[in-house]
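Student: Have a look at the structure that comes next, please.
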Number of protein chains: 2
Amino acid sequence: MNEDRASNRSATGPALTYRRAGVDIAAADALMGRLRALAGATHDTNVRPYSDAYAGLYALPAGGLLAATCDGVGTKLMIAQALKSYRGLGQDLVAMNVNDLLPCGARPLFFLDYLAAGRLDGEVLSELVAGMASACLAVSCALLGGETAEMPGVYGPTDFDLAGFAVGLTDAQRLPKKERLQAGDVIVALPSTGIHANGFSLVRQALQRGNLSLHDAPQALGQAIGEALLTPTALYVKPVLAAFDDQALLDELRVAAHITGGGLLGRTQALAPLGLRLVIDAQRYTRPPIFDVIAEAGAITAPEMARTFNMGLGFVMIVSQRGAARLMQTPDSPWLTVGEVVSGTTGVELGYARSEAR
Amino acid sequence: MNEDRASNRSATGPALTYRRAGVDIAAADALMGRLRALAGATHDTNVRPYSDAYAGLYALPAGGLLAATCDGVGTKLMIAQALKSYRGLGQDLVAMNVNDLLPCGARPLFFLDYLAAGRLDGEVLSELVAGMASACLAVSCALLGGETAEMPGVYGPTDFDLAGFAVGLTDAQRLPKKERLQAGDVIVALPSTGIHANGFSLVRQALQRGNLSLHDAPQALGQAIGEALLTPTALYVKPVLAAFDDQALLDELRVAAHITGGGLLGRTQALAPLGLRLVIDAQRYTRPPIFDVIAEAGAITAPEMARTFNMGLGFVMIVSQRGAARLMQTPDSPWLTVGEVVSGTTGVELGYARSEAR
């Protein structure tokens, strides 16, 4: 994407970008292309084309499509380690995976985890798995199994890593319908609980640059920074599947995105078809204060923030006007109307940041 | 299991056990029990009981059972790093997972991988994924996707870890039939290519104790130790599924095991029902010489070896006498007849090591 360069200036000195914080997104993109080509050679006709790189689709012989995801929690685990607080990280791991199944309408069936550590600490692992089990229960997904590996030498004594895998079931009628997107469609969203589990390399460098500790509690935040950062990733399974399961609504759903790597700007940019612009109004939802704390500490520009973090919206869906009306009529609807699709330069307009198609 | 204490003596000084090499199996077992209880609370009737802890079974609404596994390559990756040879490790990762699907008769559908590194090295990752793709192609399994995470701070610049996840399809007729096991049944097996991807903590400590380097090439080995250690894990999908797919044979199959953690002794012990003894004759198959090199270097007792490594047999299956005759009649059958089931103390007899039920 091309971010708007005019928005990419910082009044407070050189901005801290995600690339400088240790994650080279451009190099990673090129590498991903190579890896995808290698994987593509293994695909037969059971593997269904699906533009979302965050889940794969496999057609079952008896009908139905399996959707599968794999994700970790990134360097959020270093914050959990520093604060010795692990249960929420278990929910993060489940949420990062099951939420990625939702844009293709898949209902999570089961989840597996990989836990590797220098030395198995029973308390830590029990907390992590308790968090996973509780999150799985909340979304009616079976924690089917996993692997716990003690790997002295690869990991330091107190170090560990986590990966998760989820499998869901969907069908062709529930897949994204990007070709139906049109001007006038409505952008709805579910609020995030905070930073979720993306962009933590940038978070840590911002805190360092701003001389902030995890125990500091800025007035605007109302809690310690570490506590805010460890807020578990929201689980979006129930509200999203309720929309997909409503037959009168299914035909009104166009596309959806779980807002993770690439941030609100990157993920919504990928939804925009040629000649349509997604306009999201930041006034229509509340941004959790942790985003401003991080931006200020690291002197991070608004576009860089929006290309890294969810900025308050964890799940975005585009629906017809009729669909939006029906969604909003649902009693206690958790959905927020945050914007609309207009004709114009292909891309996204967030007000404080924008992108255009390459 | 109780190993035979009489066999657990070393004539050459204190033996190097797997526990002393850094992996505490008893503590891990207790922890696994706690974690399984947490996971069990998330299971509804779609999750099917299955005694093999190395795959989970989930019933699809339209019929059929999904089998799912998760596994890594353990500290074998440190050998690959030391020798900068990664392609075989990609095959190891696929093999460790798809082979674990086979004891329940599941045909692998797709595989996903998790690759985390301190810094993404394009060459290393391309080699790893090329190895995975090649192994997936060989067993007609789609490499459906994965996650590649750059996690500076969690991993050192050149450090990485790998986890894999495979999903297969099976049905109730193909599940293990332990209750049908009887004296006179035949133990058949497929040879391993070497140590595969288990017990590498013990391997590394044995080499250190024996003052051996990865570049040493003992006469008996005929190649460098590092080269022998990196021999990729055999893929057992084709011969095992050929047996399951032969309708005349399916009813003759009792139980099977992919020989990984727990070694030949531990994994076959888990197959033995009350009052039956599995007698495997070491004279009936060739043990790759790397096992003797490691045992000698580390002064590791025969029972400890057999509780850690596959000892030359990577996949073991127990079939009726009629089934064994049919398997052996197959032209170019890769199966070896290695032993038989006899009445007696519940357990396993390998000749050089034995175990009895607790």
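In the structure tokens, the first chain shown is A, the next is B, and so on; residue numbers restart at 1 for each chain, and ligands run from 1 in the order shown.
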Quick one: pick out all strand (DSSP E) residues within region 193-310 of chain B from a backbone DSSP run and write them as a PyMOL selection string.
Tutor: chain B and resi 253-258+276-280
Student: Print the selection's residues with all heavy atoms to a file, as a PDB file, in the first residue's frame.
Tutor:
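Output (again-v3.pdb):
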```pdb
ATOM      1  N   LEU B 253      -6.182 -55.882  10.661  1.00  0.00           N
ATOM      2  CA  LEU B 253      -5.286 -54.935  11.343  1.00  0.00           C
ATOM      3  C   LEU B 253      -5.767 -54.731  12.772  1.00  0.00           C
ATOM      4  O   LEU B 253      -6.954 -54.534  13.017  1.00  0.00           O
ATOM      5  CB  LEU B 253      -5.275 -53.586  10.611  1.00  0.00           C
ATOM      6  CG  LEU B 253      -4.927 -53.607   9.118  1.00  0.00           C
ATOM      7  CD1 LEU B 253      -4.951 -52.183   8.549  1.00  0.00           C
ATOM      8  CD2 LEU B 253      -3.570 -54.256   8.888  1.00  0.00           C
ATOM      9  N   ARG B 254      -4.834 -54.783  13.746  1.00  0.00           N
ATOM     10  CA  ARG B 254      -5.203 -54.594  15.161  1.00  0.00           C
ATOM     11  C   ARG B 254      -4.842 -53.181  15.627  1.00  0.00           C
ATOM     12  O   ARG B 254      -5.723 -52.383  15.888  1.00  0.00           O
ATOM     13  CB  ARG B 254      -4.476 -55.614  16.032  1.00  0.00           C
ATOM     14  CG  ARG B 254      -4.493 -57.046  15.542  1.00  0.00           C
ATOM     15  CD  ARG B 254      -5.880 -57.675  15.570  1.00  0.00           C
ATOM     16  NE  ARG B 254      -5.785 -59.126  15.627  1.00  0.00           N
ATOM     17  CZ  ARG B 254      -6.619 -59.960  15.010  1.00  0.00           C
ATOM     18  NH1 ARG B 254      -7.633 -59.509  14.267  1.00  0.00           N
ATOM     19  NH2 ARG B 254      -6.461 -61.261  15.113  1.00  0.00           N
ATOM     20  N   VAL B 255      -3.578 -52.912  15.764  1.00  0.00           N
ATOM     21  CA  VAL B 255      -3.116 -51.623  16.297  1.00  0.00           C
ATOM     22  C   VAL B 255      -1.805 -51.256  15.601  1.00  0.00           C
ATOM     23  O   VAL B 255      -1.152 -52.113  14.994  1.00  0.00           O
ATOM     24  CB  VAL B 255      -2.836 -51.694  17.824  1.00  0.00           C
ATOM     25  CG1 VAL B 255      -4.127 -51.916  18.607  1.00  0.00           C
ATOM     26  CG2 VAL B 255      -1.821 -52.792  18.139  1.00  0.00           C
ATOM     27  N   ALA B 256      -1.435 -49.993  15.709  1.00  0.00           N
ATOM     28  CA  ALA B 256      -0.194 -49.530  15.097  1.00  0.00           C
ATOM     29  C   ALA B 256       0.382 -48.391  15.916  1.00  0.00           C
ATOM     30  O   ALA B 256      -0.324 -47.760  16.704  1.00  0.00           O
ATOM     31  CB  ALA B 256      -0.457 -49.071  13.663  1.00  0.00           C
ATOM     32  N   ALA B 257       1.666 -48.130  15.735  1.00  0.00           N
ATOM     33  CA  ALA B 257       2.312 -47.020  16.437  1.00  0.00           C
ATOM     34  C   ALA B 257       3.427 -46.436  15.587  1.00  0.00           C
ATOM     35  O   ALA B 257       4.200 -47.167  14.965  1.00  0.00           O
ATOM     36  CB  ALA B 257       2.885 -47.488  17.777  1.00  0.00           C
ATOM     37  N   HIS B 258       3.457 -45.100  15.550  1.00  0.00           N
ATOM     38  CA  HIS B 258       4.598 -44.378  14.985  1.00  0.00           C
ATOM     39  C   HIS B 258       5.603 -44.281  16.131  1.00  0.00           C
ATOM     40  O   HIS B 258       5.279 -43.779  17.209  1.00  0.00           O
ATOM     41  CB  HIS B 258       4.116 -42.997  14.525  1.00  0.00           C
ATOM     42  CG  HIS B 258       5.211 -42.117  14.006  1.00  0.00           C
ATOM     43  ND1 HIS B 258       5.174 -40.740  14.138  1.00  0.00           N
ATOM     44  CD2 HIS B 258       6.354 -42.403  13.338  1.00  0.00           C
ATOM     45  CE1 HIS B 258       6.257 -40.220  13.568  1.00  0.00           C
ATOM     46  NE2 HIS B 258       6.989 -41.202  13.083  1.00  0.00           N
ATOM     47  N   LEU B 276      -0.907 -59.977  27.551  1.00  0.00           N
ATOM     48  CA  LEU B 276      -0.214 -60.281  26.288  1.00  0.00           C
ATOM     49  C   LEU B 276       1.153 -59.597  26.281  1.00  0.00           C
ATOM     50  O   LEU B 276       1.331 -58.508  26.815  1.00  0.00           O
ATOM     51  CB  LEU B 276      -1.040 -59.824  25.089  1.00  0.00           C
ATOM     52  CG  LEU B 276      -2.336 -60.609  24.833  1.00  0.00           C
ATOM     53  CD1 LEU B 276      -3.067 -60.058  23.622  1.00  0.00           C
ATOM     54  CD2 LEU B 276      -2.044 -62.113  24.647  1.00  0.00           C
ATOM     55  N   ARG B 277       2.088 -60.276  25.672  1.00  0.00           N
ATOM     56  CA  ARG B 277       3.470 -59.800  25.637  1.00  0.00           C
ATOM     57  C   ARG B 277       3.882 -59.680  24.163  1.00  0.00           C
ATOM     58  O   ARG B 277       3.652 -60.603  23.378  1.00  0.00           O
ATOM     59  CB  ARG B 277       4.354 -60.819  26.374  1.00  0.00           C
ATOM     60  CG  ARG B 277       5.733 -60.334  26.678  1.00  0.00           C
ATOM     61  CD  ARG B 277       6.315 -61.067  27.902  1.00  0.00           C
ATOM     62  NE  ARG B 277       7.627 -60.529  28.222  1.00  0.00           N
ATOM     63  CZ  ARG B 277       7.815 -59.402  28.909  1.00  0.00           C
ATOM     64  NH1 ARG B 277       6.787 -58.728  29.384  1.00  0.00           N
ATOM     65  NH2 ARG B 277       9.042 -58.954  29.130  1.00  0.00           N
ATOM     66  N   LEU B 278       4.454 -58.550  23.813  1.00  0.00           N
ATOM     67  CA  LEU B 278       4.933 -58.357  22.444  1.00  0.00           C
ATOM     68  C   LEU B 278       6.409 -58.735  22.404  1.00  0.00           C
ATOM     69  O   LEU B 278       7.227 -58.119  23.097  1.00  0.00           O
ATOM     70  CB  LEU B 278       4.761 -56.898  22.009  1.00  0.00           C
ATOM     71  CG  LEU B 278       3.406 -56.237  22.297  1.00  0.00           C
ATOM     72  CD1 LEU B 278       3.361 -54.841  21.674  1.00  0.00           C
ATOM     73  CD2 LEU B 278       2.254 -57.088  21.792  1.00  0.00           C
ATOM     74  N   VAL B 279       6.727 -59.745  21.637  1.00  0.00           N
ATOM     75  CA  VAL B 279       8.114 -60.199  21.555  1.00  0.00           C
ATOM     76  C   VAL B 279       8.666 -59.806  20.192  1.00  0.00           C
ATOM     77  O   VAL B 279       8.193 -60.277  19.153  1.00  0.00           O
ATOM     78  CB  VAL B 279       8.207 -61.722  21.754  1.00  0.00           C
ATOM     79  CG1 VAL B 279       9.669 -62.175  21.664  1.00  0.00           C
ATOM     80  CG2 VAL B 279       7.596 -62.115  23.093  1.00  0.00           C
ATOM     81  N   ILE B 280       9.641 -58.914  20.205  1.00  0.00           N
ATOM     82  CA  ILE B 280      10.251 -58.428  18.965  1.00  0.00           C
ATOM     83  C   ILE B 280      11.691 -58.939  18.916  1.00  0.00           C
ATOM     84  O   ILE B 280      12.435 -58.813  19.895  1.00  0.00           O
ATOM     85  CB  ILE B 280      10.208 -56.880  18.900  1.00  0.00           C
ATOM     86  CG1 ILE B 280       8.741 -56.411  18.831  1.00  0.00           C
ATOM     87  CG2 ILE B 280      10.999 -56.358  17.707  1.00  0.00           C
ATOM     88  CD1 ILE B 280       8.566 -54.907  18.833  1.00  0.00           C
TER      89      ILE B 280
END
```
Student: Mind checking which residues fall within 12 Å of Ser85 (chain B), counting only C-alpha atoms, ignoring those fewer than 2 positions away in the same chain, and posting them as a PyMOL selection string?
Tutor: chain B and resi 76-83+87-90+123-128+131+226-227+229-232
Student: Dump N, CA, C and O atoms for the selected residues as a short mmCIF file (atom, residue, chain, number, x, y, z; two decimals), in the first residue's frame?
Tutor:
```
data_model
loop_
_atom_site.label_atom_id
_atom_site.label_comp_id
_atom_site.auth_asym_id
_atom_site.auth_seq_id
_atom_site.Cartn_x
_atom_site.Cartn_y
_atom_site.Cartn_z
N LYS B 76 16.67 -31.52 17.23
CA LYS B 76 17.34 -31.87 15.97
C LYS B 76 17.68 -30.60 15.20
O LYS B 76 18.65 -30.56 14.44
N LEU B 77 16.88 -29.54 15.43
CA LEU B 77 17.17 -28.32 14.67
C LEU B 77 18.52 -27.72 15.03
O LEU B 77 19.11 -26.99 14.22
N MET B 78 19.05 -28.02 16.23
CA MET B 78 20.38 -27.51 16.57
C MET B 78 21.46 -28.18 15.73
O MET B 78 22.49 -27.56 15.42
N ILE B 79 21.26 -29.44 15.36
CA ILE B 79 22.22 -30.14 14.49
C ILE B 79 22.15 -29.52 13.09
O ILE B 79 23.17 -29.25 12.45
N ALA B 80 20.92 -29.26 12.62
CA ALA B 80 20.75 -28.65 11.30
C ALA B 80 21.40 -27.26 11.26
O ALA B 80 22.06 -26.90 10.29
N GLN B 81 21.24 -26.52 12.35
CA GLN B 81 21.86 -25.19 12.43
C GLN B 81 23.37 -25.30 12.37
O GLN B 81 24.03 -24.55 11.66
N ALA B 82 23.91 -26.24 13.14
CA ALA B 82 25.36 -26.38 13.22
C ALA B 82 25.93 -26.72 11.84
O ALA B 82 27.02 -26.28 11.49
N LEU B 83 25.19 -27.51 11.06
CA LEU B 83 25.69 -27.94 9.76
C LEU B 83 25.10 -27.10 8.62
O LEU B 83 25.36 -27.38 7.45
N ARG B 87 17.01 -28.52 4.57
CA ARG B 87 15.94 -29.09 3.76
C ARG B 87 15.36 -30.36 4.39
O ARG B 87 14.15 -30.54 4.44
N GLY B 88 16.27 -31.21 4.90
CA GLY B 88 15.80 -32.45 5.52
C GLY B 88 14.92 -32.20 6.73
O GLY B 88 14.00 -32.96 7.03
N LEU B 89 15.18 -31.08 7.43
CA LEU B 89 14.41 -30.75 8.62
C LEU B 89 12.96 -30.43 8.25
O LEU B 89 12.04 -30.69 9.03
N GLY B 90 12.77 -29.87 7.04
CA GLY B 90 11.41 -29.65 6.56
C GLY B 90 10.67 -30.97 6.41
O GLY B 90 9.50 -31.10 6.79
N GLU B 123 17.07 -17.61 2.90
CA GLU B 123 17.65 -18.86 2.41
C GLU B 123 17.25 -20.03 3.30
O GLU B 123 16.87 -21.10 2.83
N VAL B 124 17.37 -19.82 4.61
CA VAL B 124 17.04 -20.88 5.56
C VAL B 124 15.56 -21.25 5.44
O VAL B 124 15.20 -22.42 5.34
N LEU B 125 14.72 -20.23 5.44
CA LEU B 125 13.28 -20.51 5.40
C LEU B 125 12.89 -21.16 4.08
O LEU B 125 12.05 -22.07 4.05
N SER B 126 13.49 -20.72 2.99
CA SER B 126 13.18 -21.33 1.69
C SER B 126 13.57 -22.80 1.68
O SER B 126 12.83 -23.65 1.16
N GLU B 127 14.73 -23.12 2.25
CA GLU B 127 15.15 -24.52 2.33
C GLU B 127 14.18 -25.33 3.18
O GLU B 127 13.80 -26.44 2.82
N LEU B 128 13.81 -24.79 4.33
CA LEU B 128 12.87 -25.49 5.21
C LEU B 128 11.55 -25.75 4.50
O LEU B 128 11.02 -26.86 4.50
N GLY B 131 11.75 -28.30 1.76
CA GLY B 131 11.73 -29.65 2.32
C GLY B 131 10.32 -30.07 2.72
O GLY B 131 9.91 -31.21 2.50
N GLY B 226 27.20 -36.15 11.77
CA GLY B 226 26.20 -35.12 11.51
C GLY B 226 25.30 -35.49 10.35
O GLY B 226 24.07 -35.28 10.40
N GLU B 227 25.91 -36.06 9.32
CA GLU B 227 25.14 -36.47 8.15
C GLU B 227 24.16 -37.58 8.52
O GLU B 227 22.98 -37.55 8.13
N LEU B 229 22.93 -38.16 11.45
CA LEU B 229 21.89 -37.62 12.35
C LEU B 229 20.84 -36.84 11.58
O LEU B 229 19.67 -36.81 11.97
N LEU B 230 21.25 -36.18 10.50
CA LEU B 230 20.30 -35.34 9.76
C LEU B 230 19.49 -36.11 8.71
O LEU B 230 18.64 -35.53 8.04
N THR B 231 19.73 -37.41 8.57
CA THR B 231 18.92 -38.20 7.64
C THR B 231 17.44 -37.93 7.95
O THR B 231 17.01 -38.07 9.09
N PRO B 232 16.66 -37.51 6.96
CA PRO B 232 15.27 -37.13 7.27
C PRO B 232 14.44 -38.32 7.75
O PRO B 232 14.66 -39.46 7.35
#
```
Student: Looking at B:Gly168, B:Gly33, B:Gly153, B:Gly145, which one is nearest to Leu65 (chain B), with distances taken over only C-alpha atoms?
Tutor: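 Answer, going by the shortest atom-to-atom distance: B:Gly168.
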Student: Would you please work out which residue, of A:Val167, A:Leu144, A:Ala106, A:Val139, is nearest to chain B when using only C-alpha atoms?
Tutor: A:Leu144
Student: Would you pick out the contacts of Gly105 (chain A) at 12 Å or less, using only C-alpha atoms, so that residues sharing its chain but fewer than 3 positions from it are not included, and give the list as a ChimeraX atom specification?
Tutor: /A:55,57,64-68,98-102,108,168-177,236-246,250,253-258,317
Student: Between B:Pro103, B:Gly344, B:Gly262, B:Gly156, which one has atoms that come closest to chain A, using only C-alpha atoms?
Tutor: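 Among the listed residues, B:Gly156 lies closest to chain A.
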Student: Would you kindly return, as a list in words, each protein, DNA or RNA residue with an atom no farther than 6 Å from any atom of region 267-272 of chain B, considering only C-alpha atoms and excluding same-chain residues fewer than 3 positions away?
Tutor: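 With the cut-off at 6 Å, the set is Ile259, Gly262, Gly263, Leu264, Gly347 and Val348 of chain B.
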Student: Within 6 Å of chain B, which residues of chain A show up when using only C-alpha atoms, listed as a list in words?
Tutor: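 Therefore, the residues near the partner are Ala39, Thr42, His43, Gly56, Cys70, Asp71, Ala133, Leu137, Ala142, Leu143, Leu144, Gly146 and Glu147 of chain A.
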Student: Selected residues, all heavy atoms, written as a PDB file, in the first residue's frame, please.
Tutor:
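Dumped everything to again02.pdb:
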```pdb
ATOM      1  N   ALA A  39       4.558 -23.819  -1.601  1.00  0.00           N
ATOM      2  CA  ALA A  39       3.373 -24.482  -1.064  1.00  0.00           C
ATOM      3  C   ALA A  39       2.367 -24.756  -2.176  1.00  0.00           C
ATOM      4  O   ALA A  39       1.735 -25.814  -2.221  1.00  0.00           O
ATOM      5  CB  ALA A  39       2.741 -23.627   0.037  1.00  0.00           C
ATOM      6  N   THR A  42       2.019 -28.026  -4.001  1.00  0.00           N
ATOM      7  CA  THR A  42       1.455 -29.201  -3.325  1.00  0.00           C
ATOM      8  C   THR A  42      -0.071 -29.215  -3.383  1.00  0.00           C
ATOM      9  O   THR A  42      -0.700 -30.110  -2.829  1.00  0.00           O
ATOM     10  CB  THR A  42       1.854 -29.242  -1.833  1.00  0.00           C
ATOM     11  OG1 THR A  42       1.180 -28.173  -1.138  1.00  0.00           O
ATOM     12  CG2 THR A  42       3.361 -29.092  -1.647  1.00  0.00           C
ATOM     13  N   HIS A  43      -0.666 -28.213  -4.034  1.00  0.00           N
ATOM     14  CA  HIS A  43      -2.128 -28.087  -3.978  1.00  0.00           C
ATOM     15  C   HIS A  43      -2.798 -28.830  -5.125  1.00  0.00           C
ATOM     16  O   HIS A  43      -2.449 -28.638  -6.281  1.00  0.00           O
ATOM     17  CB  HIS A  43      -2.537 -26.606  -4.038  1.00  0.00           C
ATOM     18  CG  HIS A  43      -2.121 -25.841  -2.814  1.00  0.00           C
ATOM     19  ND1 HIS A  43      -2.367 -24.505  -2.642  1.00  0.00           N
ATOM     20  CD2 HIS A  43      -1.476 -26.244  -1.684  1.00  0.00           C
ATOM     21  CE1 HIS A  43      -1.897 -24.116  -1.478  1.00  0.00           C
ATOM     22  NE2 HIS A  43      -1.344 -25.148  -0.883  1.00  0.00           N
ATOM     23  N   GLY A  56      -6.521 -21.199   5.129  1.00  0.00           N
ATOM     24  CA  GLY A  56      -6.526 -22.007   3.919  1.00  0.00           C
ATOM     25  C   GLY A  56      -7.825 -22.777   3.870  1.00  0.00           C
ATOM     26  O   GLY A  56      -8.413 -23.076   4.912  1.00  0.00           O
ATOM     27  N   CYS A  70      -3.035 -20.871  11.270  1.00  0.00           N
ATOM     28  CA  CYS A  70      -1.904 -21.057  12.186  1.00  0.00           C
ATOM     29  C   CYS A  70      -1.422 -19.679  12.598  1.00  0.00           C
ATOM     30  O   CYS A  70      -1.221 -18.822  11.738  1.00  0.00           O
ATOM     31  CB  CYS A  70      -0.787 -21.814  11.465  1.00  0.00           C
ATOM     32  SG  CYS A  70       0.721 -21.934  12.424  1.00  0.00           S
ATOM     33  N   ASP A  71      -1.268 -19.460  13.873  1.00  0.00           N
ATOM     34  CA  ASP A  71      -0.757 -18.161  14.307  1.00  0.00           C
ATOM     35  C   ASP A  71      -0.161 -18.282  15.703  1.00  0.00           C
ATOM     36  O   ASP A  71      -0.469 -19.217  16.449  1.00  0.00           O
ATOM     37  CB  ASP A  71      -1.872 -17.109  14.306  1.00  0.00           C
ATOM     38  CG  ASP A  71      -1.335 -15.691  14.077  1.00  0.00           C
ATOM     39  OD1 ASP A  71      -0.100 -15.506  14.015  1.00  0.00           O
ATOM     40  OD2 ASP A  71      -2.150 -14.763  13.946  1.00  0.00           O
ATOM     41  N   ALA A 133      -8.096 -23.132  27.290  1.00  0.00           N
ATOM     42  CA  ALA A 133      -9.298 -23.947  27.490  1.00  0.00           C
ATOM     43  C   ALA A 133     -10.504 -23.050  27.729  1.00  0.00           C
ATOM     44  O   ALA A 133     -11.589 -23.273  27.168  1.00  0.00           O
ATOM     45  CB  ALA A 133      -9.097 -24.906  28.657  1.00  0.00           C
ATOM     46  N   LEU A 137     -13.733 -22.910  25.326  1.00  0.00           N
ATOM     47  CA  LEU A 137     -15.089 -23.130  25.853  1.00  0.00           C
ATOM     48  C   LEU A 137     -16.009 -21.974  25.453  1.00  0.00           C
ATOM     49  O   LEU A 137     -17.153 -22.197  25.052  1.00  0.00           O
ATOM     50  CB  LEU A 137     -15.046 -23.212  27.380  1.00  0.00           C
ATOM     51  CG  LEU A 137     -15.037 -24.585  28.017  1.00  0.00           C
ATOM     52  CD1 LEU A 137     -15.023 -24.441  29.533  1.00  0.00           C
ATOM     53  CD2 LEU A 137     -16.247 -25.414  27.578  1.00  0.00           C
ATOM     54  N   ALA A 142     -13.279 -27.203  20.434  1.00  0.00           N
ATOM     55  CA  ALA A 142     -12.585 -28.193  21.258  1.00  0.00           C
ATOM     56  C   ALA A 142     -11.077 -27.930  21.273  1.00  0.00           C
ATOM     57  O   ALA A 142     -10.478 -27.729  20.219  1.00  0.00           O
ATOM     58  CB  ALA A 142     -12.854 -29.600  20.733  1.00  0.00           C
ATOM     59  N   LEU A 143     -10.496 -27.921  22.456  1.00  0.00           N
ATOM     60  CA  LEU A 143      -9.027 -27.926  22.570  1.00  0.00           C
ATOM     61  C   LEU A 143      -8.620 -29.387  22.397  1.00  0.00           C
ATOM     62  O   LEU A 143      -8.642 -30.172  23.333  1.00  0.00           O
ATOM     63  CB  LEU A 143      -8.609 -27.360  23.932  1.00  0.00           C
ATOM     64  CG  LEU A 143      -7.124 -27.338  24.274  1.00  0.00           C
ATOM     65  CD1 LEU A 143      -6.284 -26.741  23.167  1.00  0.00           C
ATOM     66  CD2 LEU A 143      -6.887 -26.561  25.559  1.00  0.00           C
ATOM     67  N   LEU A 144      -8.298 -29.755  21.158  1.00  0.00           N
ATOM     68  CA  LEU A 144      -8.220 -31.168  20.788  1.00  0.00           C
ATOM     69  C   LEU A 144      -6.893 -31.816  21.159  1.00  0.00           C
ATOM     70  O   LEU A 144      -6.798 -33.029  21.304  1.00  0.00           O
ATOM     71  CB  LEU A 144      -8.466 -31.313  19.281  1.00  0.00           C
ATOM     72  CG  LEU A 144      -8.708 -32.721  18.754  1.00  0.00           C
ATOM     73  CD1 LEU A 144      -9.926 -33.358  19.409  1.00  0.00           C
ATOM     74  CD2 LEU A 144      -8.901 -32.690  17.228  1.00  0.00           C
ATOM     75  N   GLY A 146      -2.276 -31.067  21.442  1.00  0.00           N
ATOM     76  CA  GLY A 146      -1.167 -30.151  21.273  1.00  0.00           C
ATOM     77  C   GLY A 146       0.135 -30.855  21.577  1.00  0.00           C
ATOM     78  O   GLY A 146       0.160 -32.052  21.873  1.00  0.00           O
ATOM     79  N   GLU A 147       1.183 -30.102  21.493  1.00  0.00           N
ATOM     80  CA  GLU A 147       2.516 -30.644  21.727  1.00  0.00           C
ATOM     81  C   GLU A 147       3.197 -29.738  22.733  1.00  0.00           C
ATOM     82  O   GLU A 147       3.133 -28.517  22.607  1.00  0.00           O
ATOM     83  CB  GLU A 147       3.290 -30.662  20.399  1.00  0.00           C
ATOM     84  CG  GLU A 147       4.781 -30.860  20.522  1.00  0.00           C
ATOM     85  CD  GLU A 147       5.172 -32.277  20.929  1.00  0.00           C
ATOM     86  OE1 GLU A 147       4.275 -33.131  21.054  1.00  0.00           O
ATOM     87  OE2 GLU A 147       6.368 -32.523  21.136  1.00  0.00           O
TER      88      GLU A 147
END
```
Student: If you run DSSP over the backbone, which residues in region 158-325 of chain B end up alpha helix (DSSP H)? Put them as a ChimeraX atom specification.
Tutor: /B:200-209,225-230,237-245,247-250,263-269,290-298,302-306,321-325
